[in-house]
Structures are given as C-alpha cells and as structure tokens.
$ cat protein_27.pdb   # PDB, C-alpha atoms
MODEL        1
ATOM      1  CA  MET Z 562     -18.099  24.920 -10.133  1.00  0.00           C
ATOM      2  CA  LEU Z 563     -15.320  22.386  -9.935  1.00  0.00           C
ATOM      3  CA  ASP Z 564     -13.860  23.905  -6.776  1.00  0.00           C
ATOM      4  CA  GLN Z 565     -17.028  22.712  -5.004  1.00  0.00           C
ATOM      5  CA  GLU Z 566     -16.757  19.104  -6.257  1.00  0.00           C
ATOM      6  CA  LEU Z 567     -15.220  16.477  -3.961  1.00  0.00           C
ATOM      7  CA  HIS Z 568     -13.883  14.270  -6.758  1.00  0.00           C
ATOM      8  CA  TYR Z 569     -12.174  17.211  -8.425  1.00  0.00           C
ATOM      9  CA  LEU Z 570     -10.587  18.574  -5.240  1.00  0.00           C
ATOM     10  CA  LEU Z 571      -9.341  15.112  -4.249  1.00  0.00           C
ATOM     11  CA  MET Z 572      -7.791  14.669  -7.701  1.00  0.00           C
ATOM     12  CA  VAL Z 573      -6.092  18.077  -7.636  1.00  0.00           C
ATOM     13  CA  GLY Z 574      -4.817  17.525  -4.103  1.00  0.00           C
ATOM     14  CA  TYR Z 575      -3.483  14.075  -4.966  1.00  0.00           C
ATOM     15  CA  ASN Z 576      -1.714  15.312  -8.108  1.00  0.00           C
ATOM     16  CA  LEU Z 577      -0.109  18.300  -6.382  1.00  0.00           C
ATOM     17  CA  GLY Z 578       1.015  16.193  -3.443  1.00  0.00           C
ATOM     18  CA  SER Z 579       2.286  13.372  -5.614  1.00  0.00           C
ATOM     19  CA  ARG Z 580       4.369  15.713  -7.780  1.00  0.00           C
ATOM     20  CA  ALA Z 581       5.828  17.492  -4.746  1.00  0.00           C
ATOM     21  CA  ILE Z 582       6.772  14.256  -2.959  1.00  0.00           C
ATOM     22  CA  THR Z 583       8.146  12.700  -6.167  1.00  0.00           C
ATOM     23  CA  SER Z 584      10.428  15.682  -6.797  1.00  0.00           C
ATOM     24  CA  ARG Z 585      11.667  15.688  -3.185  1.00  0.00           C
ATOM     25  CA  ILE Z 586      12.370  11.965  -3.278  1.00  0.00           C
ATOM     26  CA  ALA Z 587      14.088  12.035  -6.688  1.00  0.00           C
ATOM     27  CA  ASP Z 588      17.572  12.081  -5.143  1.00  0.00           C
ATOM     28  CA  THR Z 589      16.925   8.751  -3.385  1.00  0.00           C
ATOM     29  CA  GLY Z 590      16.788   6.860  -6.679  1.00  0.00           C
ATOM     30  CA  LEU Z 591      13.410   5.351  -5.815  1.00  0.00           C
ATOM     31  CA  LEU Z 592      10.856   4.832  -8.568  1.00  0.00           C
ATOM     32  CA  PRO Z 593       7.313   6.210  -8.315  1.00  0.00           C
ATOM     33  CA  GLY Z 594       5.301   3.974  -6.000  1.00  0.00           C
ATOM     34  CA  GLN Z 595       8.340   2.617  -4.154  1.00  0.00           C
ATOM     35  CA  PRO Z 596       8.403   5.313  -1.444  1.00  0.00           C
ATOM     36  CA  LYS Z 597       4.770   4.524  -0.642  1.00  0.00           C
ATOM     37  CA  ILE Z 598       5.639   0.819  -0.286  1.00  0.00           C
ATOM     38  CA  LEU Z 599       8.588   1.523   2.016  1.00  0.00           C
ATOM     39  CA  GLU Z 600       6.476   3.847   4.120  1.00  0.00           C
ATOM     40  CA  TYR Z 601       3.747   1.196   4.368  1.00  0.00           C
ATOM     41  CA  LEU Z 602       6.264  -1.481   5.357  1.00  0.00           C
ATOM     42  CA  MET Z 603       7.597   0.774   8.115  1.00  0.00           C
ATOM     43  CA  GLU Z 604       4.276   0.108   9.887  1.00  0.00           C
ATOM     44  CA  HIS Z 605       3.404  -3.305   8.412  1.00  0.00           C
ATOM     45  CA  ASP Z 606       6.703  -5.165   8.124  1.00  0.00           C
ATOM     46  CA  GLY Z 607       6.166  -8.798   7.167  1.00  0.00           C
ATOM     47  CA  CYS Z 608       2.864  -8.278   5.353  1.00  0.00           C
ATOM     48  CA  THR Z 609       1.903  -9.938   2.088  1.00  0.00           C
ATOM     49  CA  GLN Z 610       1.995  -8.533  -1.427  1.00  0.00           C
ATOM     50  CA  LYS Z 611      -1.816  -8.354  -1.406  1.00  0.00           C
ATOM     51  CA  GLU Z 612      -1.791  -6.348   1.835  1.00  0.00           C
ATOM     52  CA  ILE Z 613       0.743  -3.937   0.339  1.00  0.00           C
ATOM     53  CA  SER Z 614      -1.442  -3.544  -2.749  1.00  0.00           C
ATOM     54  CA  GLU Z 615      -4.532  -2.774  -0.681  1.00  0.00           C
ATOM     55  CA  GLY Z 616      -2.696  -0.583   1.846  1.00  0.00           C
ATOM     56  CA  CYS Z 617      -0.959   1.519  -0.802  1.00  0.00           C
ATOM     57  CA  GLY Z 618      -3.824   1.665  -3.276  1.00  0.00           C
ATOM     58  CA  LEU Z 619      -1.658   0.178  -6.023  1.00  0.00           C
ATOM     59  CA  ASP Z 620      -2.637  -2.497  -8.547  1.00  0.00           C
ATOM     60  CA  LYS Z 621      -1.351  -6.009  -7.935  1.00  0.00           C
ATOM     61  CA  SER Z 622       0.504  -5.819 -11.256  1.00  0.00           C
ATOM     62  CA  THR Z 623       2.277  -2.620 -10.173  1.00  0.00           C
ATOM     63  CA  ILE Z 624       3.308  -4.245  -6.895  1.00  0.00           C
ATOM     64  CA  ALA Z 625       4.540  -7.289  -8.831  1.00  0.00           C
ATOM     65  CA  ILE Z 626       6.851  -4.984 -10.814  1.00  0.00           C
ATOM     66  CA  LEU Z 627       8.035  -2.775  -7.929  1.00  0.00           C
ATOM     67  CA  LEU Z 628       8.798  -5.438  -5.299  1.00  0.00           C
ATOM     68  CA  PRO Z 629      11.494  -7.279  -7.310  1.00  0.00           C
ATOM     69  CA  LYS Z 630      13.196  -3.937  -7.955  1.00  0.00           C
ATOM     70  CA  LEU Z 631      13.130  -3.105  -4.234  1.00  0.00           C
ATOM     71  CA  ASP Z 632      14.479  -6.587  -3.553  1.00  0.00           C
ATOM     72  CA  LYS Z 633      17.289  -6.174  -6.107  1.00  0.00           C
ATOM     73  CA  ALA Z 634      18.161  -2.797  -4.542  1.00  0.00           C
ATOM     74  CA  GLY Z 635      18.527  -4.548  -1.173  1.00  0.00           C
ATOM     75  CA  LEU Z 636      15.683  -2.610   0.461  1.00  0.00           C
ATOM     76  CA  ILE Z 637      13.340  -5.558   1.070  1.00  0.00           C
ATOM     77  CA  ARG Z 638      13.485  -9.323   1.386  1.00  0.00           C
ATOM     78  CA  ARG Z 639      10.705 -11.735   0.579  1.00  0.00           C
ATOM     79  CA  GLU Z 640      10.073 -14.979   2.427  1.00  0.00           C
ATOM     80  CA  SER Z 641       7.679 -17.718   1.386  1.00  0.00           C
ATOM     81  CA  CYS Z 642       4.622 -18.084   3.566  1.00  0.00           C
ATOM     82  CA  SER Z 643       4.916 -21.245   5.651  1.00  0.00           C
ATOM     83  CA  THR Z 644       1.251 -22.169   5.147  1.00  0.00           C
ATOM     84  CA  ASP Z 645       0.922 -21.304   1.444  1.00  0.00           C
ATOM     85  CA  ARG Z 646       3.999 -21.210  -0.814  1.00  0.00           C
ATOM     86  CA  ARG Z 647       2.153 -19.039  -3.355  1.00  0.00           C
ATOM     87  CA  PHE Z 648       2.391 -16.080  -0.975  1.00  0.00           C
ATOM     88  CA  PHE Z 649       5.380 -14.133   0.270  1.00  0.00           C
ATOM     89  CA  HIS Z 650       5.853 -12.039   3.355  1.00  0.00           C
ATOM     90  CA  VAL Z 651       7.760  -8.846   2.637  1.00  0.00           C
ATOM     91  CA  TYR Z 652      10.251  -7.431   5.137  1.00  0.00           C
ATOM     92  CA  LEU Z 653      12.387  -4.321   5.145  1.00  0.00           C
ATOM     93  CA  THR Z 654      16.130  -4.867   5.290  1.00  0.00           C
ATOM     94  CA  ALA Z 655      18.293  -2.614   7.471  1.00  0.00           C
ATOM     95  CA  GLU Z 656      18.941  -0.504   4.362  1.00  0.00           C
ATOM     96  CA  GLY Z 657      15.217  -0.479   3.600  1.00  0.00           C
ATOM     97  CA  LYS Z 658      14.467   0.798   7.101  1.00  0.00           C
ATOM     98  CA  LYS Z 659      16.985   3.609   6.633  1.00  0.00           C
ATOM     99  CA  MET Z 660      15.429   4.526   3.287  1.00  0.00           C
ATOM    100  CA  GLY Z 661      11.929   4.251   4.785  1.00  0.00           C
ATOM    101  CA  THR Z 662      12.942   6.635   7.554  1.00  0.00           C
ATOM    102  CA  GLN Z 663      14.294   9.076   4.975  1.00  0.00           C
ATOM    103  CA  VAL Z 664      11.051   8.855   2.975  1.00  0.00           C
ATOM    104  CA  ARG Z 665       9.005   9.491   6.132  1.00  0.00           C
ATOM    105  CA  GLN Z 666      11.109  12.552   6.960  1.00  0.00           C
ATOM    106  CA  ILE Z 667      10.667  13.960   3.448  1.00  0.00           C
ATOM    107  CA  CYS Z 668       6.901  13.388   3.560  1.00  0.00           C
ATOM    108  CA  ALA Z 669       6.548  14.777   7.097  1.00  0.00           C
ATOM    109  CA  SER Z 670       8.441  17.910   6.071  1.00  0.00           C
ATOM    110  CA  TRP Z 671       6.113  18.438   3.113  1.00  0.00           C
ATOM    111  CA  ASP Z 672       3.069  17.811   5.328  1.00  0.00           C
ATOM    112  CA  GLU Z 673       4.227  20.511   7.742  1.00  0.00           C
ATOM    113  CA  GLU Z 674       4.761  22.989   4.925  1.00  0.00           C
ATOM    114  CA  VAL Z 675       1.272  22.348   3.580  1.00  0.00           C
ATOM    115  CA  TRP Z 676      -0.376  22.547   7.005  1.00  0.00           C
ATOM    116  CA  GLY Z 677       1.295  25.928   7.481  1.00  0.00           C
ATOM    117  CA  ASN Z 678      -0.292  27.849  10.343  1.00  0.00           C
ATOM    118  CA  LEU Z 679      -3.466  25.783  10.454  1.00  0.00           C
ATOM    119  CA  PRO Z 680      -4.211  25.105  14.146  1.00  0.00           C
ATOM    120  CA  PRO Z 681      -3.900  21.498  15.376  1.00  0.00           C
ATOM    121  CA  SER Z 682      -7.639  21.305  16.044  1.00  0.00           C
ATOM    122  CA  GLU Z 683      -8.425  22.151  12.412  1.00  0.00           C
ATOM    123  CA  ARG Z 684      -5.807  19.693  11.174  1.00  0.00           C
ATOM    124  CA  GLU Z 685      -7.339  16.887  13.235  1.00  0.00           C
ATOM    125  CA  ALA Z 686     -10.884  17.791  12.180  1.00  0.00           C
ATOM    126  CA  PHE Z 687      -9.825  17.684   8.528  1.00  0.00           C
ATOM    127  CA  LEU Z 688      -8.076  14.327   8.979  1.00  0.00           C
ATOM    128  CA  ASP Z 689     -11.128  12.886  10.767  1.00  0.00           C
ATOM    129  CA  THR Z 690     -13.344  13.984   7.881  1.00  0.00           C
ATOM    130  CA  LEU Z 691     -10.942  12.640   5.269  1.00  0.00           C
ATOM    131  CA  ARG Z 692     -10.718   9.261   7.059  1.00  0.00           C
ATOM    132  CA  ALA Z 693     -14.534   9.122   7.146  1.00  0.00           C
ATOM    133  CA  LEU Z 694     -14.704   9.862   3.419  1.00  0.00           C
ATOM    134  CA  ILE Z 695     -12.128   7.154   2.695  1.00  0.00           C
ATOM    135  CA  ARG Z 696     -14.134   4.626   4.725  1.00  0.00           C
ATOM    136  CA  GLN Z 697     -17.214   5.582   2.706  1.00  0.00           C
ATOM    137  CA  MET Z 698     -15.314   5.260  -0.591  1.00  0.00           C
ATOM    138  CA  LYS Z 699     -14.067   1.783   0.406  1.00  0.00           C
ATOM    139  CA  GLU Z 700     -17.581   0.722   1.313  1.00  0.00           C
ATOM    140  CA  LEU Z 701     -18.934   2.005  -1.987  1.00  0.00           C
ATOM    141  CA  SER Z 702     -16.180   0.267  -3.954  1.00  0.00           C
ATOM    142  CA  ARG Z 703     -16.961  -3.050  -2.217  1.00  0.00           C
ATOM    143  CA  SER Z 704     -20.669  -2.728  -2.997  1.00  0.00           C
ATOM    144  CA  HIS Z 705     -20.036  -1.913  -6.679  1.00  0.00           C
ATOM    145  CA  THR Z 706     -17.699  -4.803  -7.443  1.00  0.00           C
TER     146      THR Z 706
ENDMDL
END
$ encode --input "protein_27.pdb" --output "structure tokens"
Amino acid sequence: MLDQELHYLLMVGYNLGSRAITSRIADTGLLPGQPKILEYLMEHDGCTQKEISEGCGLDKSTIAILLPKLDKAGLIRRESCSTDRRFFHVYLTAEGKKMGTQVRQICASWDEEVWGNLPPSEREAFLDTLRALIRQMKELSRSHT
C-alpha cells in the first residue's frame, strides 16, 4: 500500500505543501523557487550560489536563472568573492529582507495550520525523525554519486 511507503508519502507531502505555499505567495510576484532562496538567505546572508543550491535543494542551473531575476527585482545583490572572482556572495537588500520576512510569515502561518492541534512534543518528535531521515538521504546520495 502506497500510504505505507516513505518515498510516496514524502512526495505527496512535498507536492501538497509546495502548491499551498505557492498559492499563498502568488500575490508577492515571486517565481517558484524564489521564496525558498529568500528564506534561505534570511539565515545565510552572504553565502555563495553553490551554498544556496545545496541549502535549497535546487539545481545549479535553476539558481543561475533565479538569482539574476532576484537581483533585477532589487531583492538581492551579488558581490564577487575576494579570493576567487568566479564566485559571488549573495546578500539580501533591505527590500529583500522585507520580502523574506513576508515569505517567512506566510510559511509559518501555513505550518501552524497544518500542525493543527498536534501537541508540541509530537511536533518535535516528528521533526527530529524527519531531520534524521534527511541526514540519511544525504549520506546515501553522497555514496551513490
């Protein structure tokens, strides 16, 4: 039964969550993938394009398309790395921080709706398990590449 399969439940959960967040963020004018980048930069301001790719789980080519659009919209700025000109550090602008805060609020509101009446102890236990599964998936992906 598919409702007993980890891969299936993760896929369904991702798709439902992605659609819900995308529809709630539609009024911001952000493209799919951009909210995730802004949210990541809220905690990792000044990171590289590669770090954004790894942190957001997006392909390098997708990041290469989305970052110039965020730059053009005035939400980020890119600065050449002082030690290697091939790399850029990406920073949120003041407008980017405001948009990142709005994205976080939208996502936090959805999270709370989904958690519903689930007690904090069960929430934390679920998150601990999910983090452990993600660590395992990362380890497996490193060993299979």
$ closest_residue --input "protein_27.pdb" --among "Z:Leu591, Z:Cys608, Z:Met572, Z:Ala625" --to "His650 (chain Z)" --atoms "only C-alpha atoms"
Z:Cys608
$ atom_distance --input "protein_27.pdb" --atom1 "CA of Leu599 (chain Z)" --atom2 "CA of Gly661 (chain Z)"
5.1 Å
$ resolve_selection --input "protein_27.pdb" --expression "the PyMOL selection byres ((chain Z and resi 671-684) around 12)" --output "PyMOL selection string"
chain Z and resi 574+577-586+664-670+685-691
$ resolve_selection --input "protein_27.pdb" --expression "the PyMOL selection byres ((chain Z and resi 614-621) around 12)" --output "number ranges by chain"
Z: 593-602, 604-605, 608-613, 622-628, 651, 695, 699
$ write_last_selection --input "protein_27.pdb" --atoms "C-alpha atoms" --output "mmCIF file, in the coordinates of the input"
data_model
loop_
_atom_site.group_PDB
_atom_site.id
_atom_site.type_symbol
_atom_site.label_atom_id
_atom_site.label_comp_id
_atom_site.auth_asym_id
_atom_site.auth_seq_id
_atom_site.Cartn_x
_atom_site.Cartn_y
_atom_site.Cartn_z
ATOM 1 C CA PRO Z 593 7.313 6.210 -8.315
ATOM 2 C CA GLY Z 594 5.301 3.974 -6.000
ATOM 3 C CA GLN Z 595 8.340 2.617 -4.154
ATOM 4 C CA PRO Z 596 8.403 5.313 -1.444
ATOM 5 C CA LYS Z 597 4.770 4.524 -0.642
ATOM 6 C CA ILE Z 598 5.639 0.819 -0.286
ATOM 7 C CA LEU Z 599 8.588 1.523 2.016
ATOM 8 C CA GLU Z 600 6.476 3.847 4.120
ATOM 9 C CA TYR Z 601 3.747 1.196 4.368
ATOM 10 C CA LEU Z 602 6.264 -1.481 5.357
ATOM 11 C CA GLU Z 604 4.276 0.108 9.887
ATOM 12 C CA HIS Z 605 3.404 -3.305 8.412
ATOM 13 C CA CYS Z 608 2.864 -8.278 5.353
ATOM 14 C CA THR Z 609 1.903 -9.938 2.088
ATOM 15 C CA GLN Z 610 1.995 -8.533 -1.427
ATOM 16 C CA LYS Z 611 -1.816 -8.354 -1.406
ATOM 17 C CA GLU Z 612 -1.791 -6.348 1.835
ATOM 18 C CA ILE Z 613 0.743 -3.937 0.339
ATOM 19 C CA SER Z 622 0.504 -5.819 -11.256
ATOM 20 C CA THR Z 623 2.277 -2.620 -10.173
ATOM 21 C CA ILE Z 624 3.308 -4.245 -6.895
ATOM 22 C CA ALA Z 625 4.540 -7.289 -8.831
ATOM 23 C CA ILE Z 626 6.851 -4.984 -10.814
ATOM 24 C CA LEU Z 627 8.035 -2.775 -7.929
ATOM 25 C CA LEU Z 628 8.798 -5.438 -5.299
ATOM 26 C CA VAL Z 651 7.760 -8.846 2.637
ATOM 27 C CA ILE Z 695 -12.128 7.154 2.695
ATOM 28 C CA LYS Z 699 -14.067 1.783 0.406
#
$ atom_distance --input "protein_27.pdb" --atom1 "CA of Leu631 (chain Z)" --atom2 "CA of Phe649 (chain Z)"
14.2 Å
$ atom_distance --input "protein_27.pdb" --atom1 "CA of Gly607 (chain Z)" --atom2 "CA of Ser643 (chain Z)"
12.6 Å
$ residues_around --input "protein_27.pdb" --residues "Ile637 (chain Z)" --least-positions-apart "5" --cutoff "6 Å" --atoms "only C-alpha atoms" --output "short mmCIF file (atom, residue, chain, number, x, y, z; two decimals) with C-alpha atoms, in the frame of the given file"
data_model
loop_
_atom_site.label_atom_id
_atom_site.label_comp_id
_atom_site.auth_asym_id
_atom_site.auth_seq_id
_atom_site.Cartn_x
_atom_site.Cartn_y
_atom_site.Cartn_z
CA LEU Z 631 13.13 -3.10 -4.23
CA ASP Z 632 14.48 -6.59 -3.55
CA TYR Z 652 10.25 -7.43 5.14
CA LEU Z 653 12.39 -4.32 5.14
CA THR Z 654 16.13 -4.87 5.29
CA GLY Z 657 15.22 -0.48 3.60
#
$ closest_residue --input "protein_27.pdb" --among "Z:Ala587, Z:Leu636, Z:Leu701, Z:Met562" --to "Met660 (chain Z)" --atoms "all atoms listed in the file"
Z:Leu636
$ closest_residue --input "protein_27.pdb" --among "Z:Arg647, Z:Ala634, Z:Thr662, Z:Ala655" --to "Leu592 (chain Z)" --atoms "all atoms listed in the file"
Z:Ala634
$ axis_aligned_box --input "protein_27.pdb" --around "region 571-584 of chain Z" --padding-each-side "8 Å" --output "JSON"
{"center_x": 0.5, "center_y": 15.5, "center_z": -5.5, "size_x": 35.8, "size_y": 21.6, "size_z": 21.1}
$ closest_residue --input "protein_27.pdb" --among "Z:Arg638, Z:Met603, Z:Ser702, Z:Lys633" --to "Lys659 (chain Z)" --atoms "all atoms listed in the file"
Z:Met603
$ build_atoms --input "protein_27.pdb" --residues "region 628-652 of chain Z" --atoms "N, CA, C and O atoms" --output "PDB file, keeping the file's coordinate frame"
ATOM      1  N   LEU Z 628       8.152  -4.656  -6.365  1.00  0.00           N
ATOM      2  CA  LEU Z 628       8.798  -5.438  -5.299  1.00  0.00           C
ATOM      3  C   LEU Z 628      10.112  -6.078  -5.734  1.00  0.00           C
ATOM      4  O   LEU Z 628      11.107  -5.986  -4.995  1.00  0.00           O
ATOM      5  N   PRO Z 629      10.199  -6.721  -6.911  1.00  0.00           N
ATOM      6  CA  PRO Z 629      11.494  -7.279  -7.310  1.00  0.00           C
ATOM      7  C   PRO Z 629      12.594  -6.216  -7.432  1.00  0.00           C
ATOM      8  O   PRO Z 629      13.758  -6.479  -7.120  1.00  0.00           O
ATOM      9  N   LYS Z 630      12.206  -5.015  -7.843  1.00  0.00           N
ATOM     10  CA  LYS Z 630      13.196  -3.937  -7.955  1.00  0.00           C
ATOM     11  C   LYS Z 630      13.664  -3.487  -6.568  1.00  0.00           C
ATOM     12  O   LYS Z 630      14.847  -3.193  -6.370  1.00  0.00           O
ATOM     13  N   LEU Z 631      12.741  -3.432  -5.610  1.00  0.00           N
ATOM     14  CA  LEU Z 631      13.130  -3.105  -4.234  1.00  0.00           C
ATOM     15  C   LEU Z 631      14.007  -4.204  -3.647  1.00  0.00           C
ATOM     16  O   LEU Z 631      14.954  -3.933  -2.901  1.00  0.00           O
ATOM     17  N   ASP Z 632      13.694  -5.445  -3.999  1.00  0.00           N
ATOM     18  CA  ASP Z 632      14.479  -6.587  -3.553  1.00  0.00           C
ATOM     19  C   ASP Z 632      15.894  -6.505  -4.129  1.00  0.00           C
ATOM     20  O   ASP Z 632      16.887  -6.649  -3.405  1.00  0.00           O
ATOM     21  N   LYS Z 633      15.990  -6.269  -5.427  1.00  0.00           N
ATOM     22  CA  LYS Z 633      17.289  -6.174  -6.107  1.00  0.00           C
ATOM     23  C   LYS Z 633      18.134  -5.029  -5.533  1.00  0.00           C
ATOM     24  O   LYS Z 633      19.353  -5.132  -5.440  1.00  0.00           O
ATOM     25  N   ALA Z 634      17.460  -3.946  -5.126  1.00  0.00           N
ATOM     26  CA  ALA Z 634      18.161  -2.797  -4.542  1.00  0.00           C
ATOM     27  C   ALA Z 634      18.578  -3.058  -3.088  1.00  0.00           C
ATOM     28  O   ALA Z 634      19.240  -2.224  -2.471  1.00  0.00           O
ATOM     29  N   GLY Z 635      18.158  -4.201  -2.542  1.00  0.00           N
ATOM     30  CA  GLY Z 635      18.527  -4.548  -1.173  1.00  0.00           C
ATOM     31  C   GLY Z 635      17.694  -3.848  -0.108  1.00  0.00           C
ATOM     32  O   GLY Z 635      18.097  -3.773   1.046  1.00  0.00           O
ATOM     33  N   LEU Z 636      16.520  -3.348  -0.487  1.00  0.00           N
ATOM     34  CA  LEU Z 636      15.683  -2.610   0.461  1.00  0.00           C
ATOM     35  C   LEU Z 636      14.634  -3.496   1.136  1.00  0.00           C
ATOM     36  O   LEU Z 636      14.121  -3.144   2.198  1.00  0.00           O
ATOM     37  N   ILE Z 637      14.291  -4.606   0.488  1.00  0.00           N
ATOM     38  CA  ILE Z 637      13.340  -5.558   1.070  1.00  0.00           C
ATOM     39  C   ILE Z 637      13.881  -6.966   0.893  1.00  0.00           C
ATOM     40  O   ILE Z 637      14.792  -7.207   0.095  1.00  0.00           O
ATOM     41  N   ARG Z 638      13.274  -7.899   1.631  1.00  0.00           N
ATOM     42  CA  ARG Z 638      13.485  -9.323   1.386  1.00  0.00           C
ATOM     43  C   ARG Z 638      12.130  -9.990   1.437  1.00  0.00           C
ATOM     44  O   ARG Z 638      11.232  -9.548   2.154  1.00  0.00           O
ATOM     45  N   ARG Z 639      11.976 -11.012   0.633  1.00  0.00           N
ATOM     46  CA  ARG Z 639      10.705 -11.735   0.579  1.00  0.00           C
ATOM     47  C   ARG Z 639      10.920 -13.157   1.068  1.00  0.00           C
ATOM     48  O   ARG Z 639      11.893 -13.805   0.677  1.00  0.00           O
ATOM     49  N   GLU Z 640      10.012 -13.619   1.908  1.00  0.00           N
ATOM     50  CA  GLU Z 640      10.073 -14.979   2.427  1.00  0.00           C
ATOM     51  C   GLU Z 640       8.769 -15.685   2.108  1.00  0.00           C
ATOM     52  O   GLU Z 640       7.689 -15.114   2.283  1.00  0.00           O
ATOM     53  N   SER Z 641       8.872 -16.925   1.674  1.00  0.00           N
ATOM     54  CA  SER Z 641       7.679 -17.718   1.386  1.00  0.00           C
ATOM     55  C   SER Z 641       6.849 -17.888   2.642  1.00  0.00           C
ATOM     56  O   SER Z 641       7.388 -18.080   3.734  1.00  0.00           O
ATOM     57  N   CYS Z 642       5.556 -17.848   2.472  1.00  0.00           N
ATOM     58  CA  CYS Z 642       4.622 -18.084   3.566  1.00  0.00           C
ATOM     59  C   CYS Z 642       4.698 -19.562   3.938  1.00  0.00           C
ATOM     60  O   CYS Z 642       4.673 -20.429   3.058  1.00  0.00           O
ATOM     61  N   SER Z 643       4.782 -19.858   5.213  1.00  0.00           N
ATOM     62  CA  SER Z 643       4.916 -21.245   5.651  1.00  0.00           C
ATOM     63  C   SER Z 643       3.659 -22.065   5.396  1.00  0.00           C
ATOM     64  O   SER Z 643       3.732 -23.279   5.210  1.00  0.00           O
ATOM     65  N   THR Z 644       2.500 -21.432   5.345  1.00  0.00           N
ATOM     66  CA  THR Z 644       1.251 -22.169   5.147  1.00  0.00           C
ATOM     67  C   THR Z 644       0.803 -22.214   3.695  1.00  0.00           C
ATOM     68  O   THR Z 644      -0.011 -23.064   3.334  1.00  0.00           O
ATOM     69  N   ASP Z 645       1.307 -21.325   2.853  1.00  0.00           N
ATOM     70  CA  ASP Z 645       0.922 -21.304   1.444  1.00  0.00           C
ATOM     71  C   ASP Z 645       2.080 -20.739   0.626  1.00  0.00           C
ATOM     72  O   ASP Z 645       2.326 -19.531   0.627  1.00  0.00           O
ATOM     73  N   ARG Z 646       2.792 -21.592  -0.067  1.00  0.00           N
ATOM     74  CA  ARG Z 646       3.999 -21.210  -0.814  1.00  0.00           C
ATOM     75  C   ARG Z 646       3.740 -20.227  -1.954  1.00  0.00           C
ATOM     76  O   ARG Z 646       4.667 -19.675  -2.522  1.00  0.00           O
ATOM     77  N   ARG Z 647       2.463 -20.007  -2.294  1.00  0.00           N
ATOM     78  CA  ARG Z 647       2.153 -19.039  -3.355  1.00  0.00           C
ATOM     79  C   ARG Z 647       2.307 -17.607  -2.870  1.00  0.00           C
ATOM     80  O   ARG Z 647       2.380 -16.686  -3.662  1.00  0.00           O
ATOM     81  N   PHE Z 648       2.324 -17.418  -1.557  1.00  0.00           N
ATOM     82  CA  PHE Z 648       2.391 -16.080  -0.975  1.00  0.00           C
ATOM     83  C   PHE Z 648       3.758 -15.826  -0.345  1.00  0.00           C
ATOM     84  O   PHE Z 648       4.411 -16.746   0.125  1.00  0.00           O
ATOM     85  N   PHE Z 649       4.129 -14.553  -0.353  1.00  0.00           N
ATOM     86  CA  PHE Z 649       5.380 -14.133   0.270  1.00  0.00           C
ATOM     87  C   PHE Z 649       5.081 -13.094   1.335  1.00  0.00           C
ATOM     88  O   PHE Z 649       4.161 -12.294   1.191  1.00  0.00           O
ATOM     89  N   HIS Z 650       5.869 -13.119   2.377  1.00  0.00           N
ATOM     90  CA  HIS Z 650       5.853 -12.039   3.355  1.00  0.00           C
ATOM     91  C   HIS Z 650       7.009 -11.118   2.984  1.00  0.00           C
ATOM     92  O   HIS Z 650       8.095 -11.574   2.617  1.00  0.00           O
ATOM     93  N   VAL Z 651       6.771  -9.836   3.058  1.00  0.00           N
ATOM     94  CA  VAL Z 651       7.760  -8.846   2.637  1.00  0.00           C
ATOM     95  C   VAL Z 651       8.279  -8.118   3.872  1.00  0.00           C
ATOM     96  O   VAL Z 651       7.490  -7.602   4.676  1.00  0.00           O
ATOM     97  N   TYR Z 652       9.601  -8.059   3.987  1.00  0.00           N
ATOM     98  CA  TYR Z 652      10.251  -7.431   5.137  1.00  0.00           C
ATOM     99  C   TYR Z 652      11.238  -6.375   4.659  1.00  0.00           C
ATOM    100  O   TYR Z 652      11.888  -6.550   3.621  1.00  0.00           O
TER     101      TYR Z 652
END
